[in-house]
file start-v2.cif (mmCIF, C-alpha atoms and all ligand atoms)
data_my_file
loop_
_atom_site.group_PDB
_atom_site.id
_atom_site.type_symbol
_atom_site.label_atom_id
_atom_site.label_comp_id
_atom_site.auth_asym_id
_atom_site.auth_seq_id
_atom_site.Cartn_x
_atom_site.Cartn_y
_atom_site.Cartn_z
ATOM 1 C CA MET A 4 82.191 13.138 -38.606
ATOM 2 C CA ASN A 5 82.766 9.420 -38.505
ATOM 3 C CA ARG A 6 83.103 7.622 -35.188
ATOM 4 C CA ARG A 7 86.825 6.980 -35.580
ATOM 5 C CA ALA A 8 87.571 10.698 -36.142
ATOM 6 C CA ALA A 9 85.406 11.685 -33.159
ATOM 7 C CA PHE A 10 87.235 9.158 -31.006
ATOM 8 C CA ALA A 11 90.631 10.536 -32.083
ATOM 9 C CA ILE A 12 89.548 14.099 -31.268
ATOM 10 C CA SER A 13 88.256 13.113 -27.813
ATOM 11 C CA LEU A 14 91.509 11.301 -27.107
ATOM 12 C CA ALA A 15 93.481 14.408 -28.082
ATOM 13 C CA LEU A 16 91.322 16.582 -25.802
ATOM 14 C CA LEU A 17 91.611 14.083 -22.993
ATOM 15 C CA GLY A 18 95.372 14.014 -23.477
ATOM 16 C CA GLY A 19 95.403 17.778 -22.983
ATOM 17 C CA CYS A 20 93.562 17.390 -19.692
ATOM 18 C CA THR A 21 95.630 14.584 -18.327
ATOM 19 C CA THR A 22 99.071 16.059 -19.006
ATOM 20 C CA ALA A 23 101.076 16.395 -15.784
ATOM 21 C CA PRO A 24 100.851 19.901 -14.294
ATOM 22 C CA ARG A 25 103.482 22.081 -15.926
ATOM 23 C CA VAL A 26 105.980 23.824 -13.718
ATOM 24 C CA VAL A 27 106.763 27.295 -14.995
ATOM 25 C CA PRO A 28 110.454 27.569 -15.983
ATOM 26 C CA ALA A 29 112.537 29.443 -13.410
ATOM 27 C CA ALA A 30 113.407 32.287 -15.802
ATOM 28 C CA GLN A 31 109.728 32.927 -16.461
ATOM 29 C CA ILE A 32 108.940 32.967 -12.737
ATOM 30 C CA GLN A 33 111.682 35.436 -12.053
ATOM 31 C CA ALA A 34 110.091 37.818 -14.500
ATOM 32 C CA VAL A 35 106.949 37.726 -12.343
ATOM 33 C CA LEU A 36 108.546 37.512 -8.900
ATOM 34 C CA PRO A 37 112.103 38.755 -9.370
ATOM 35 C CA GLY A 38 114.988 37.807 -7.137
ATOM 36 C CA ARG A 39 116.611 34.626 -5.988
ATOM 37 C CA TYR A 40 116.455 32.332 -2.994
ATOM 38 C CA ASP A 41 118.497 33.876 -0.187
ATOM 39 C CA PRO A 42 120.198 31.109 1.856
ATOM 40 C CA ASP A 43 120.399 33.562 4.764
ATOM 41 C CA ASN A 44 116.658 34.135 5.124
ATOM 42 C CA SER A 45 115.371 33.578 8.664
ATOM 43 C CA PHE A 46 113.725 30.220 7.964
ATOM 44 C CA ALA A 47 116.929 28.847 6.409
ATOM 45 C CA LYS A 48 118.667 29.980 9.608
ATOM 46 C CA ILE A 49 116.061 28.173 11.730
ATOM 47 C CA ILE A 50 116.654 24.992 9.700
ATOM 48 C CA ARG A 51 120.405 25.284 10.304
ATOM 49 C CA GLY A 52 119.857 25.983 14.004
ATOM 50 C CA GLU A 53 121.233 29.529 13.748
ATOM 51 C CA LEU A 54 117.965 31.061 14.975
ATOM 52 C CA PRO A 55 115.753 29.638 17.745
ATOM 53 C CA ALA A 56 112.283 28.269 17.059
ATOM 54 C CA ALA A 57 109.577 26.555 19.096
ATOM 55 C CA LYS A 58 109.356 23.352 17.085
ATOM 56 C CA VAL A 59 106.098 21.450 16.827
ATOM 57 C CA TYR A 60 107.202 18.765 14.379
ATOM 58 C CA GLU A 61 110.352 17.774 12.515
ATOM 59 C CA ASP A 62 111.405 14.966 10.209
ATOM 60 C CA ASP A 63 114.139 14.743 7.596
ATOM 61 C CA ARG A 64 112.166 16.881 5.107
ATOM 62 C CA VAL A 65 109.662 19.066 6.939
ATOM 63 C CA LEU A 66 109.767 21.399 9.929
ATOM 64 C CA ALA A 67 106.830 23.008 11.739
ATOM 65 C CA PHE A 68 107.290 25.725 14.350
ATOM 66 C CA MET A 69 105.296 28.423 16.120
ATOM 67 C CA ASP A 70 104.929 31.770 14.347
ATOM 68 C CA TYR A 71 106.532 34.358 16.625
ATOM 69 C CA LYS A 72 103.810 36.939 15.902
ATOM 70 C CA PRO A 73 100.695 34.765 15.852
ATOM 71 C CA VAL A 74 97.491 36.095 14.322
ATOM 72 C CA GLU A 75 95.653 33.528 16.488
ATOM 73 C CA ARG A 76 96.688 31.490 19.510
ATOM 74 C CA GLY A 77 98.580 28.460 18.220
ATOM 75 C CA HIS A 78 99.573 29.814 14.768
ATOM 76 C CA VAL A 79 102.087 27.402 13.186
ATOM 77 C CA LEU A 80 104.343 27.661 10.117
ATOM 78 C CA VAL A 81 105.253 24.596 8.057
ATOM 79 C CA ILE A 82 108.308 24.596 5.784
ATOM 80 C CA SER A 83 110.388 22.222 3.723
ATOM 81 C CA LYS A 84 113.922 21.633 5.016
ATOM 82 C CA ARG A 85 115.266 20.587 1.616
ATOM 83 C CA SER A 86 113.539 22.798 -0.903
ATOM 84 C CA GLN A 87 114.957 26.175 -1.797
ATOM 85 C CA ALA A 88 111.671 27.349 -3.237
ATOM 86 C CA ARG A 89 110.657 30.877 -2.366
ATOM 87 C CA ASN A 90 107.039 30.408 -3.310
ATOM 88 C CA LEU A 91 104.378 28.148 -4.783
ATOM 89 C CA LEU A 92 105.493 28.866 -8.340
ATOM 90 C CA ASP A 93 108.936 27.357 -7.973
ATOM 91 C CA VAL A 94 108.329 24.573 -5.454
ATOM 92 C CA ASP A 95 108.630 20.954 -6.479
ATOM 93 C CA LEU A 96 105.113 19.583 -5.982
ATOM 94 C CA ALA A 97 106.449 16.524 -4.155
ATOM 95 C CA ASP A 98 107.947 18.859 -1.530
ATOM 96 C CA PHE A 99 104.678 20.788 -1.324
ATOM 97 C CA ASP A 100 102.774 17.534 -0.774
ATOM 98 C CA ARG A 101 104.973 16.752 2.218
ATOM 99 C CA ILE A 102 104.373 20.213 3.665
ATOM 100 C CA MET A 103 100.611 19.916 3.242
ATOM 101 C CA ALA A 104 100.493 16.453 4.789
ATOM 102 C CA VAL A 105 102.108 17.903 7.912
ATOM 103 C CA ALA A 106 99.909 21.039 7.793
ATOM 104 C CA ARG A 107 96.812 18.841 7.871
ATOM 105 C CA ARG A 108 98.015 16.998 10.950
ATOM 106 C CA ILE A 109 98.914 20.276 12.658
ATOM 107 C CA GLY A 110 95.390 21.598 11.993
ATOM 108 C CA GLN A 111 93.860 18.496 13.545
ATOM 109 C CA ALA A 112 96.123 18.826 16.578
ATOM 110 C CA GLN A 113 95.243 22.526 16.999
ATOM 111 C CA MET A 114 91.556 21.624 17.153
ATOM 112 C CA LYS A 115 92.139 18.809 19.611
ATOM 113 C CA ALA A 116 94.689 20.489 21.861
ATOM 114 C CA LEU A 117 93.607 24.126 21.802
ATOM 115 C CA GLY A 118 89.857 23.795 21.394
ATOM 116 C CA ALA A 119 89.956 25.533 18.007
ATOM 117 C CA ASN A 120 86.746 25.214 16.009
ATOM 118 C CA GLY A 121 88.645 24.896 12.763
ATOM 119 C CA PHE A 122 91.809 26.073 11.072
ATOM 120 C CA SER A 123 92.772 28.138 8.045
ATOM 121 C CA ILE A 124 95.660 27.664 5.655
ATOM 122 C CA GLU A 125 97.399 30.783 4.352
ATOM 123 C CA GLN A 126 100.258 30.785 1.878
ATOM 124 C CA ASN A 127 101.613 34.049 0.490
ATOM 125 C CA ASN A 128 103.504 34.451 -2.785
ATOM 126 C CA GLY A 129 105.314 37.669 -3.600
ATOM 127 C CA TYR A 130 102.963 40.393 -2.412
ATOM 128 C CA GLY A 131 102.226 39.973 1.304
ATOM 129 C CA GLN A 132 105.166 37.618 1.766
ATOM 130 C CA THR A 133 107.880 38.709 4.180
ATOM 131 C CA VAL A 134 110.084 35.596 4.357
ATOM 132 C CA LEU A 135 111.118 34.261 0.968
ATOM 133 C CA HIS A 136 111.331 30.585 1.890
ATOM 134 C CA LEU A 137 108.048 28.891 0.968
ATOM 135 C CA HIS A 138 105.897 28.411 4.061
ATOM 136 C CA VAL A 139 102.351 27.459 4.896
ATOM 137 C CA HIS A 140 100.551 29.154 7.785
ATOM 138 C CA VAL A 141 98.257 26.869 9.779
ATOM 139 C CA ILE A 142 96.050 29.194 11.780
ATOM 140 C CA PRO A 143 93.606 27.863 14.364
ATOM 141 C CA ARG A 144 90.192 29.531 14.184
ATOM 142 C CA TYR A 145 88.021 30.118 17.221
ATOM 143 C CA SER A 146 84.348 30.731 16.606
ATOM 144 C CA GLY A 147 83.247 34.317 16.942
ATOM 145 C CA GLN A 148 86.832 35.545 16.943
ATOM 146 C CA PRO A 149 87.985 37.631 13.999
ATOM 147 C CA TRP A 150 91.352 36.866 12.478
ATOM 148 C CA GLY A 151 93.936 38.967 14.355
ATOM 149 C CA GLU A 152 96.706 41.206 13.094
ATOM 150 C CA LYS A 153 100.462 40.649 13.185
ATOM 151 C CA SER A 154 101.676 43.392 15.436
ATOM 152 C CA GLY A 155 103.809 44.119 18.435
ATOM 153 C CA PRO A 156 106.892 42.291 19.613
ATOM 154 C CA PRO A 157 107.405 38.540 19.140
ATOM 155 C CA MET A 158 105.624 36.260 21.628
ATOM 156 C CA PRO A 159 108.087 35.193 24.342
ATOM 157 C CA MET A 160 109.799 31.893 23.563
ATOM 158 C CA GLU A 161 108.506 30.291 26.763
ATOM 159 C CA ALA A 162 104.881 30.879 25.750
ATOM 160 C CA ARG A 163 105.602 29.623 22.229
ATOM 161 C CA GLU A 164 107.230 26.459 23.634
ATOM 162 C CA ALA A 165 104.203 25.795 25.849
ATOM 163 C CA LEU A 166 101.821 25.985 22.878
ATOM 164 C CA ALA A 167 104.173 23.882 20.739
ATOM 165 C CA ALA A 168 104.186 21.156 23.412
ATOM 166 C CA GLN A 169 100.371 21.128 23.556
ATOM 167 C CA ILE A 170 100.022 20.836 19.776
ATOM 168 C CA ARG A 171 102.821 18.261 19.513
ATOM 169 C CA ALA A 172 101.122 16.030 22.100
ATOM 170 C CA ALA A 173 97.898 16.023 20.059
ATOM 171 C CA LEU A 174 99.437 15.282 16.635
ATOM 172 C CA PRO A 175 97.641 12.381 14.952
ATOM 173 C CA PRO A 176 99.808 9.521 13.657
ATOM 174 C CA ARG A 177 101.023 9.773 10.043
HETATM 175 P P1 LIG B 1 104.617 35.804 5.363
HETATM 176 O O1 LIG B 1 104.122 37.189 5.601
HETATM 177 O O2 LIG B 1 103.597 34.910 4.722
HETATM 178 O O3 LIG B 1 105.955 35.771 4.671
HETATM 179 O O4 LIG B 1 104.812 35.193 6.798
HETATM 180 C C1 LIG B 1 106.011 35.154 7.480
HETATM 181 C C2 LIG B 1 105.668 34.796 8.893
HETATM 182 O O5 LIG B 1 106.847 34.393 9.550
HETATM 183 C C3 LIG B 1 105.078 35.939 9.714
HETATM 184 O O6 LIG B 1 103.812 35.548 10.207
HETATM 185 C C4 LIG B 1 106.102 36.171 10.830
HETATM 186 O O7 LIG B 1 105.490 36.495 12.044
HETATM 187 C C5 LIG B 1 106.818 34.843 10.879
HETATM 188 N N1 LIG B 1 108.220 34.865 11.284
HETATM 189 C C6 LIG B 1 109.220 35.603 10.750
HETATM 190 N N2 LIG B 1 110.391 35.326 11.356
HETATM 191 C C7 LIG B 1 110.121 34.370 12.282
HETATM 192 C C8 LIG B 1 110.926 33.670 13.234
HETATM 193 N N3 LIG B 1 112.240 33.884 13.339
HETATM 194 N N4 LIG B 1 110.303 32.768 14.034
HETATM 195 C C9 LIG B 1 108.980 32.552 13.918
HETATM 196 N N5 LIG B 1 108.168 33.174 13.047
HETATM 197 C C10 LIG B 1 108.740 34.075 12.237
#

call {"tool": "encode", "arguments": {"input": "start-v2.cif", "output": "structure tokens", "more": "lines below"}}
Ligand code: AMP
result
Amino acid sequence: MNRRAAFAISLALLGGCTTAPRVVPAAQIQAVLPGRYDPDNSFAKIIRGELPAAKVYEDDRVLAFMDYKPVERGHVLVISKRSQARNLLDVDLADFDRIMAVARRIGQAQMKALGANGFSIEQNNGYGQTVLHLHVHVIPRYSGQPWGEKSGPPMPMEAREALAAQIRAALPPR
């Protein structure tokens, strides 16, 4: 193979690698995870102020609030206020970027404010997902402590507010 042909082939291969990530068309997604976004899901209600939440962070696009059945002390959920994505397959990646930027700051604040030794990110799609508005769990991890279970009644709002205030005060600047 001459050098020009080899160069053309490598360019073609490279082109394949550098193409922007493809978002699966909505119809195709629905075949995998059927259903539609429900504007009356509980997180949409929290965004509209129809349900209470212990807010940790809010801007014009992203909201972070305490999970009402934490698997660890200080468990936070981060959501987009604008996106109507149910899961990672149908979210606009720019919206997901915003969510993750906030999730990272929340994790840092959990370590600083709550003495967590680290934090885990969980994000369920379809199976294992109970609220169909895309959300990222930011779960503080304490060494030697196994990941808990969601069970029992919701944590009282007062206790959630107290944790939210601690985390909020330790949020690093953007
Ligand atoms: P997933 O199972 O990934 O869909 O997670 C949904 C999470 O949302 C669970 O951890 C619930 O405890 C939490 N959750 C559901 N409703 C509320 C609510 N109104 N306020 C706070 N957390 C909630």

call {"tool": "resolve_selection", "arguments": {"input": "start-v2.cif", "expression": "the PyMOL selection byres (((chain A and resi 136) around 8) and not hetatm)", "output": "NGL selection string"}}
result
:A and (40 or 44 or 46-47 or 82 or 87-90 or 134-135 or 137-138)

call {"tool": "residues_near_ligand", "arguments": {"input": "start-v2.cif", "ligand": "ligand LIG 1 (chain B)", "cutoff": "7 Å", "atoms": "only C-alpha atoms and all ligand atoms", "output": "list in words"}}
result
Ser45, Phe46, Leu54, Ala56, Met69, Asp70, Tyr71, Lys72, Pro73, Gln126, Asn127, Gly131, Gln132, Thr133, Val134, Leu135, His138 and Lys153 of chain A

call {"tool": "resolve_selection", "arguments": {"input": "start-v2.cif", "expression": "the PyMOL selection byres (((chain A and resi 117) around 9) and not hetatm)", "output": "list in words"}}
result
Arg76, Gly77, Ala112, Gln113, Met114, Lys115, Ala116, Gly118, Ala119, Pro143, Leu166, Gln169 and Ile170 of chain A

call {"tool": "atom_distance", "arguments": {"input": "start-v2.cif", "atom1": "atom CA of Ala167 of chain A", "atom2": "atom CA of Ile124 of chain A"}}
result
17.7 Å

call {"tool": "resolve_selection", "arguments": {"input": "start-v2.cif", "expression": "the PyMOL selection byres (((chain A and resi 104) around 12) and not hetatm)", "output": "list of chain:residue names"}}
result
A:Tyr60, A:Arg64, A:Val65, A:Leu66, A:Ala67, A:Val81, A:Ile82, A:Ser83, A:Ala97, A:Asp98, A:Phe99, A:Asp100, A:Arg101, A:Ile102, A:Met103, A:Val105, A:Ala106, A:Arg107, A:Arg108, A:Ile109, A:Gly110, A:Gln111, A:Val139, A:Val141, A:Leu174, A:Pro175, A:Pro176, A:Arg177

call {"tool": "closest_residue", "arguments": {"input": "start-v2.cif", "among": "A:Asp93, A:Glu164, A:Glu75, A:Asp41", "to": "His140 of chain A", "atoms": "only C-alpha atoms"}}
result
A:Glu75

call {"tool": "atom_distance", "arguments": {"input": "start-v2.cif", "atom1": "atom CA of Val94 of chain A", "atom2": "atom CA of Asn128 of chain A"}}
result
11.3 Å

call {"tool": "build_atoms", "arguments": {"input": "start-v2.cif", "residues": "segment 82-93 of chain A", "atoms": "all heavy atoms", "output": "PDB file, keeping the file's coordinate frame"}}
result
ATOM      1  N   ILE A  82     107.364  24.350   6.887  1.00  0.00           N
ATOM      2  CA  ILE A  82     108.308  24.596   5.784  1.00  0.00           C
ATOM      3  C   ILE A  82     109.000  23.294   5.369  1.00  0.00           C
ATOM      4  O   ILE A  82     109.021  22.325   6.127  1.00  0.00           O
ATOM      5  CB  ILE A  82     109.398  25.635   6.176  1.00  0.00           C
ATOM      6  CG1 ILE A  82     110.269  25.120   7.335  1.00  0.00           C
ATOM      7  CG2 ILE A  82     108.780  26.962   6.546  1.00  0.00           C
ATOM      8  CD1 ILE A  82     111.437  26.049   7.685  1.00  0.00           C
ATOM      9  N   SER A  83     109.557  23.332   4.170  1.00  0.00           N
ATOM     10  CA  SER A  83     110.388  22.222   3.723  1.00  0.00           C
ATOM     11  C   SER A  83     111.826  22.505   4.157  1.00  0.00           C
ATOM     12  O   SER A  83     112.288  23.638   4.091  1.00  0.00           O
ATOM     13  CB  SER A  83     110.334  22.102   2.192  1.00  0.00           C
ATOM     14  OG  SER A  83     111.358  21.228   1.748  1.00  0.00           O
ATOM     15  N   LYS A  84     112.523  21.459   4.613  1.00  0.00           N
ATOM     16  CA  LYS A  84     113.922  21.633   5.016  1.00  0.00           C
ATOM     17  C   LYS A  84     114.864  21.492   3.826  1.00  0.00           C
ATOM     18  O   LYS A  84     116.014  21.896   3.892  1.00  0.00           O
ATOM     19  CB  LYS A  84     114.288  20.591   6.075  1.00  0.00           C
ATOM     20  CG  LYS A  84     113.652  20.863   7.418  1.00  0.00           C
ATOM     21  CD  LYS A  84     113.712  19.668   8.341  1.00  0.00           C
ATOM     22  CE  LYS A  84     115.103  19.234   8.699  1.00  0.00           C
ATOM     23  NZ  LYS A  84     115.091  18.114   9.666  1.00  0.00           N
ATOM     24  N   ARG A  85     114.378  20.865   2.746  1.00  0.00           N
ATOM     25  CA  ARG A  85     115.266  20.587   1.616  1.00  0.00           C
ATOM     26  C   ARG A  85     115.085  21.553   0.461  1.00  0.00           C
ATOM     27  O   ARG A  85     116.036  21.861  -0.254  1.00  0.00           O
ATOM     28  CB  ARG A  85     114.975  19.188   1.085  1.00  0.00           C
ATOM     29  CG  ARG A  85     115.346  18.115   2.064  1.00  0.00           C
ATOM     30  CD  ARG A  85     115.279  16.792   1.356  1.00  0.00           C
ATOM     31  NE  ARG A  85     115.595  15.691   2.252  1.00  0.00           N
ATOM     32  CZ  ARG A  85     115.607  14.443   1.882  1.00  0.00           C
ATOM     33  NH1 ARG A  85     115.305  14.111   0.646  1.00  0.00           N
ATOM     34  NH2 ARG A  85     115.916  13.502   2.739  1.00  0.00           N
ATOM     35  N   SER A  86     113.833  21.977   0.259  1.00  0.00           N
ATOM     36  CA  SER A  86     113.539  22.798  -0.903  1.00  0.00           C
ATOM     37  C   SER A  86     114.080  24.217  -0.733  1.00  0.00           C
ATOM     38  O   SER A  86     114.057  24.765   0.369  1.00  0.00           O
ATOM     39  CB  SER A  86     112.023  22.848  -1.083  1.00  0.00           C
ATOM     40  OG  SER A  86     111.683  23.853  -1.988  1.00  0.00           O
ATOM     41  N   GLN A  87     114.548  24.770  -1.825  1.00  0.00           N
ATOM     42  CA  GLN A  87     114.957  26.175  -1.797  1.00  0.00           C
ATOM     43  C   GLN A  87     113.973  26.992  -2.605  1.00  0.00           C
ATOM     44  O   GLN A  87     114.333  27.978  -3.259  1.00  0.00           O
ATOM     45  CB  GLN A  87     116.379  26.329  -2.316  1.00  0.00           C
ATOM     46  CG  GLN A  87     117.382  25.645  -1.411  1.00  0.00           C
ATOM     47  CD  GLN A  87     118.738  26.301  -1.435  1.00  0.00           C
ATOM     48  OE1 GLN A  87     119.165  26.807  -2.464  1.00  0.00           O
ATOM     49  NE2 GLN A  87     119.422  26.297  -0.310  1.00  0.00           N
ATOM     50  N   ALA A  88     112.719  26.590  -2.554  1.00  0.00           N
ATOM     51  CA  ALA A  88     111.671  27.349  -3.237  1.00  0.00           C
ATOM     52  C   ALA A  88     111.306  28.561  -2.400  1.00  0.00           C
ATOM     53  O   ALA A  88     111.216  28.468  -1.180  1.00  0.00           O
ATOM     54  CB  ALA A  88     110.446  26.476  -3.448  1.00  0.00           C
ATOM     55  N   ARG A  89     111.095  29.678  -3.077  1.00  0.00           N
ATOM     56  CA  ARG A  89     110.657  30.877  -2.366  1.00  0.00           C
ATOM     57  C   ARG A  89     109.144  30.924  -2.271  1.00  0.00           C
ATOM     58  O   ARG A  89     108.581  31.546  -1.380  1.00  0.00           O
ATOM     59  CB  ARG A  89     111.131  32.135  -3.111  1.00  0.00           C
ATOM     60  CG  ARG A  89     112.641  32.314  -3.127  1.00  0.00           C
ATOM     61  CD  ARG A  89     113.031  33.395  -4.111  1.00  0.00           C
ATOM     62  NE  ARG A  89     112.504  33.054  -5.433  1.00  0.00           N
ATOM     63  CZ  ARG A  89     112.175  33.945  -6.355  1.00  0.00           C
ATOM     64  NH1 ARG A  89     112.325  35.216  -6.119  1.00  0.00           N
ATOM     65  NH2 ARG A  89     111.713  33.559  -7.521  1.00  0.00           N
ATOM     66  N   ASN A  90     108.489  30.280  -3.237  1.00  0.00           N
ATOM     67  CA  ASN A  90     107.039  30.408  -3.310  1.00  0.00           C
ATOM     68  C   ASN A  90     106.437  29.214  -4.046  1.00  0.00           C
ATOM     69  O   ASN A  90     107.145  28.316  -4.502  1.00  0.00           O
ATOM     70  CB  ASN A  90     106.688  31.738  -3.987  1.00  0.00           C
ATOM     71  CG  ASN A  90     107.371  31.839  -5.345  1.00  0.00           C
ATOM     72  OD1 ASN A  90     107.220  30.964  -6.183  1.00  0.00           O
ATOM     73  ND2 ASN A  90     108.182  32.880  -5.543  1.00  0.00           N
ATOM     74  N   LEU A  91     105.114  29.262  -4.176  1.00  0.00           N
ATOM     75  CA  LEU A  91     104.378  28.148  -4.783  1.00  0.00           C
ATOM     76  C   LEU A  91     104.712  27.948  -6.256  1.00  0.00           C
ATOM     77  O   LEU A  91     104.552  26.859  -6.785  1.00  0.00           O
ATOM     78  CB  LEU A  91     102.874  28.432  -4.612  1.00  0.00           C
ATOM     79  CG  LEU A  91     101.908  27.294  -4.885  1.00  0.00           C
ATOM     80  CD1 LEU A  91     102.195  26.092  -3.999  1.00  0.00           C
ATOM     81  CD2 LEU A  91     100.469  27.755  -4.667  1.00  0.00           C
ATOM     82  N   LEU A  92     105.192  28.994  -6.918  1.00  0.00           N
ATOM     83  CA  LEU A  92     105.493  28.866  -8.340  1.00  0.00           C
ATOM     84  C   LEU A  92     106.756  28.066  -8.599  1.00  0.00           C
ATOM     85  O   LEU A  92     106.889  27.431  -9.625  1.00  0.00           O
ATOM     86  CB  LEU A  92     105.634  30.259  -8.989  1.00  0.00           C
ATOM     87  CG  LEU A  92     104.383  31.128  -8.950  1.00  0.00           C
ATOM     88  CD1 LEU A  92     104.655  32.465  -9.619  1.00  0.00           C
ATOM     89  CD2 LEU A  92     103.224  30.434  -9.625  1.00  0.00           C
ATOM     90  N   ASP A  93     107.707  28.095  -7.666  1.00  0.00           N
ATOM     91  CA  ASP A  93     108.936  27.357  -7.973  1.00  0.00           C
ATOM     92  C   ASP A  93     109.160  26.141  -7.079  1.00  0.00           C
ATOM     93  O   ASP A  93     110.224  25.540  -7.126  1.00  0.00           O
ATOM     94  CB  ASP A  93     110.172  28.274  -8.046  1.00  0.00           C
ATOM     95  CG  ASP A  93     110.400  29.142  -6.838  1.00  0.00           C
ATOM     96  OD1 ASP A  93     109.765  28.896  -5.816  1.00  0.00           O
ATOM     97  OD2 ASP A  93     111.223  30.057  -6.918  1.00  0.00           O
TER      98      ASP A  93
END
